[in-house]
Amino acid sequence: MTWLVLAFFAALALIGTPIFALIGGLALYLFHAAASPAPGLSVITELMRLATMPSLIAVPLFTFAGYVLAESQSPKRLVDLAEALFGWMPGGVAIAGLCACALFTAFTGASGVTIIALGGLIYPLLRKQRYPDGFSLGLVTTTGSLGLLFPPSLPIILYALVGKISVDKLFAAASGPGLILILILSVYAVIVGVRNKVPRIPFSWEALRTSARAALWEIPLPFVIIGGIYSGQFTASEAAAVMSFYVLIVEVLVYKDLKFSDIPGVMARSMILVGAILIVLGTALGLTNYMIDAEIPGQLFDFLKLHISSPWGFLALLNVVLLVVNMVEIFSAIIIVVPIIVPVALKYQIDPIHLGALFLLNLEIGYMTPPMGLNLFLSSRRFERPLPELYRATLPFWLILVAALALVTYCPALSLWLPNHLRIQ
């Protein structure tokens, strides 16, 4: 009977049934099959509990601020400033594009938005500077998800909610691997630039002043938000409120990229995403309740313990599984997988903050992992290139990121040093 039910839900998934309906329906069935006295209440209670989480308010506020930035001229100003800062270096234009994409994704929370909004600016700029076509495509496709490791990235907040750990600690833990990736990819950009004799843009104080003046009101944003969180001046939720208010004032009243009449539409589009996340999160937490009651994580640990005794072996297996799971839809991956793996990882005595950083790094790499990585499809559409060409273009970047993943996996200090050093509660 169980296999018939699972096959039925799999068939529903194949015909496009919304994921919240699948998760919620499965949770209701499992509670009913377990003779729960109130199967419906076991799921609905989680939706009510979700609404009382103090850190939940950060999700809609950060999402709204990201949508405002994406629909303004902020992407162009960021690219111009990054070019003025780094264009004089070997591989400087590529490093500028890399940093601009990472920063923009961190604030919008979605790599797809970055590929669409910045891809049309950065790709032609790289080609104009005579960077190879494959490298240019690979960089834009890869760096679209790089900012997922930096605050105030929405996946970090969501993971912290589901994994029941400190949002502020996870912000700090994910930043370490994120900085390592930027450094490694910057070195690769320099090598490609030198090898292909890419001309540098002479440094100009005038160009820097012009671009800095244009982005004058956006430059303080990462310092205020990230610095405020790490210094303990405000929590992630308070940072979300500050960022939303600041971005709204700057883009509407200062730059006038958006009109007040545009804001309701931006709110509606951003809250559609938030609503989708919350309803999936609520039903998934109900399914998590069943898995805890049925002791599924404990059974999974007992099974793995027979075959894998070392925590390092477990992490290696986990990385492989997560790269596959995280290819398609990040929010579903976080909501469904995290409640299963966290209890198992704890029994292997793996630090939950380190596990969160690893999961998010896998999330980023999964976005560009063939054949189903979401960034590959988005880039294919944006630049009208066949997928096999994108596979070849992103392969060097993928190998670099996987090497970085192995480094972060087996050197926990790379992710734990910053939260421990800052003594974030």
# chains A, B, ... in the order shown; residues from 1 in each chain; ligands from 1

$ residues_around --residues "region 140-153 of chain A" --least-positions-apart "4" --cutoff "7 Å" --atoms "only C-alpha atoms" --output "mmCIF file with N, CA and C atoms, in the first residue's frame"
data_model
loop_
_atom_site.group_PDB
_atom_site.id
_atom_site.type_symbol
_atom_site.label_atom_id
_atom_site.label_comp_id
_atom_site.auth_asym_id
_atom_site.auth_seq_id
_atom_site.Cartn_x
_atom_site.Cartn_y
_atom_site.Cartn_z
ATOM 1 N N LEU A 98 32.352 39.562 -11.583
ATOM 2 C CA LEU A 98 32.164 38.548 -10.539
ATOM 3 C C LEU A 98 31.658 39.189 -9.243
ATOM 4 N N CYS A 101 28.041 40.613 -9.595
ATOM 5 C CA CYS A 101 27.035 39.554 -9.564
ATOM 6 C C CYS A 101 26.826 39.016 -8.150
ATOM 7 N N ALA A 102 27.933 38.806 -7.425
ATOM 8 C CA ALA A 102 27.828 38.281 -6.064
ATOM 9 C C ALA A 102 27.058 39.242 -5.173
ATOM 10 N N LEU A 103 27.382 40.531 -5.266
ATOM 11 C CA LEU A 103 26.703 41.519 -4.427
ATOM 12 C C LEU A 103 25.224 41.614 -4.775
ATOM 13 N N THR A 105 23.268 39.354 -6.231
ATOM 14 C CA THR A 105 22.542 38.141 -5.840
ATOM 15 C C THR A 105 22.314 38.097 -4.330
ATOM 16 N N ALA A 106 23.293 38.570 -3.558
ATOM 17 C CA ALA A 106 23.132 38.585 -2.106
ATOM 18 C C ALA A 106 21.915 39.402 -1.698
ATOM 19 N N PHE A 107 21.694 40.518 -2.388
ATOM 20 C CA PHE A 107 20.587 41.389 -1.996
ATOM 21 C C PHE A 107 19.264 40.997 -2.642
ATOM 22 N N GLY A 109 18.644 37.699 -3.592
ATOM 23 C CA GLY A 109 18.337 36.356 -3.114
ATOM 24 C C GLY A 109 18.044 35.356 -4.206
ATOM 25 N N SER A 111 19.637 33.862 -8.017
ATOM 26 C CA SER A 111 20.648 33.929 -9.068
ATOM 27 C C SER A 111 20.028 34.147 -10.438
ATOM 28 N N GLY A 112 18.785 33.673 -10.632
ATOM 29 C CA GLY A 112 18.123 33.859 -11.913
ATOM 30 C C GLY A 112 17.929 35.325 -12.233
ATOM 31 N N THR A 114 19.839 37.721 -11.237
ATOM 32 C CA THR A 114 21.155 38.268 -11.562
ATOM 33 C C THR A 114 21.548 37.964 -12.995
ATOM 34 N N ILE A 115 21.322 36.733 -13.440
ATOM 35 C CA ILE A 115 21.667 36.364 -14.816
ATOM 36 C C ILE A 115 20.884 37.211 -15.808
ATOM 37 N N GLY A 119 23.407 39.865 -16.697
ATOM 38 C CA GLY A 119 24.023 39.115 -17.790
ATOM 39 C C GLY A 119 24.141 39.936 -19.058
ATOM 40 N N TYR A 123 28.190 40.197 -19.953
ATOM 41 C CA TYR A 123 28.662 39.356 -21.058
ATOM 42 C C TYR A 123 29.205 40.184 -22.232
ATOM 43 N N SER A 136 33.470 33.761 -20.788
ATOM 44 C CA SER A 136 32.482 34.808 -20.507
ATOM 45 C C SER A 136 31.131 34.203 -20.149
ATOM 46 N N ILE A 157 18.518 32.633 5.292
ATOM 47 C CA ILE A 157 17.462 32.854 6.288
ATOM 48 C C ILE A 157 16.536 31.639 6.344
ATOM 49 N N PHE A 171 24.798 33.529 8.731
ATOM 50 C CA PHE A 171 25.304 34.601 7.873
ATOM 51 C C PHE A 171 26.830 34.635 7.915
ATOM 52 N N ALA A 174 28.554 31.273 6.420
ATOM 53 C CA ALA A 174 28.525 31.137 4.965
ATOM 54 C C ALA A 174 29.436 32.146 4.273
ATOM 55 N N SER A 175 29.699 33.277 4.931
ATOM 56 C CA SER A 175 30.522 34.323 4.315
ATOM 57 C C SER A 175 31.960 33.865 4.096
ATOM 58 N N GLY A 178 32.179 31.861 1.022
ATOM 59 C CA GLY A 178 31.877 32.769 -0.088
ATOM 60 C C GLY A 178 33.084 33.599 -0.475
ATOM 61 N N ILE A 226 25.426 44.438 6.405
ATOM 62 C CA ILE A 226 26.320 43.370 6.869
ATOM 63 C C ILE A 226 27.063 43.800 8.131
ATOM 64 N N LEU A 360 24.589 25.244 1.885
ATOM 65 C CA LEU A 360 24.433 26.417 1.023
ATOM 66 C C LEU A 360 25.465 26.429 -0.099
ATOM 67 N N GLU A 364 24.692 26.337 -4.134
ATOM 68 C CA GLU A 364 25.250 27.181 -5.188
ATOM 69 C C GLU A 364 25.799 26.350 -6.351
ATOM 70 N N MET A 368 24.538 25.013 -11.012
ATOM 71 C CA MET A 368 25.258 24.965 -12.291
ATOM 72 C C MET A 368 25.746 23.554 -12.620
ATOM 73 N N ASN A 375 20.636 27.398 -13.311
ATOM 74 C CA ASN A 375 21.369 28.490 -13.955
ATOM 75 C C ASN A 375 21.695 28.167 -15.416
ATOM 76 N N LEU A 376 21.914 26.903 -15.696
ATOM 77 C CA LEU A 376 22.224 26.506 -17.076
ATOM 78 C C LEU A 376 21.043 26.787 -18.002
ATOM 79 N N SER A 379 20.612 30.684 -18.312
ATOM 80 C CA SER A 379 21.645 31.252 -19.173
ATOM 81 C C SER A 379 21.431 30.852 -20.632
ATOM 82 N N THR A 394 30.839 26.051 -18.439
ATOM 83 C CA THR A 394 30.842 26.102 -16.973
ATOM 84 C C THR A 394 31.710 25.024 -16.327
ATOM 85 N N PHE A 397 34.679 26.216 -14.141
ATOM 86 C CA PHE A 397 34.170 26.863 -12.932
ATOM 87 C C PHE A 397 33.614 25.816 -11.962
#

$ residues_around --residues "region 390-393 of chain A" --least-positions-apart "6" --cutoff "7 Å" --atoms "only C-alpha atoms" --output "PyMOL selection string"
chain A and resi 134-135+137-138+370+376+380

$ closest_residue --among "A:Val402, A:Leu285, A:Leu158, A:Ala84" --to "Gly356 (chain A)" --atoms "only C-alpha atoms"
A:Leu158

$ select_by_dssp --residues "region 294-368 of chain A" --states "helix (DSSP H, G or I)" --output "JSON, numbers by chain"
{"A": [296, 297, 298, 299, 300, 301, 302, 303, 304, 305, 306, 307, 311, 312, 313, 314, 315, 316, 317, 318, 319, 320, 321, 322, 323, 324, 325, 330, 331, 332, 333, 334, 335, 336, 337, 338, 339, 340, 341, 342, 343, 344, 345, 346, 347, 352, 353, 354, 355, 356, 357, 358, 359, 360, 361, 362, 363, 364, 365, 366]}

$ decode --residues "region 127-138 of chain A" --atoms "C-alpha atoms" --output "PDB file, in the first residue's frame"
ATOM      1  CA  ARG A 127      33.543  39.950 -25.013  1.00  0.00           C
ATOM      2  CA  LYS A 128      34.441  43.564 -25.832  1.00  0.00           C
ATOM      3  CA  GLN A 129      37.560  43.132 -23.691  1.00  0.00           C
ATOM      4  CA  ARG A 130      38.433  40.007 -25.755  1.00  0.00           C
ATOM      5  CA  TYR A 131      37.763  37.407 -23.052  1.00  0.00           C
ATOM      6  CA  PRO A 132      37.050  33.978 -24.612  1.00  0.00           C
ATOM      7  CA  ASP A 133      33.400  33.319 -25.330  1.00  0.00           C
ATOM      8  CA  GLY A 134      33.300  30.144 -23.217  1.00  0.00           C
ATOM      9  CA  PHE A 135      34.898  31.875 -20.242  1.00  0.00           C
ATOM     10  CA  SER A 136      32.482  34.808 -20.507  1.00  0.00           C
ATOM     11  CA  LEU A 137      29.451  32.527 -20.635  1.00  0.00           C
ATOM     12  CA  GLY A 138      30.766  30.393 -17.799  1.00  0.00           C
TER      13      GLY A 138
END
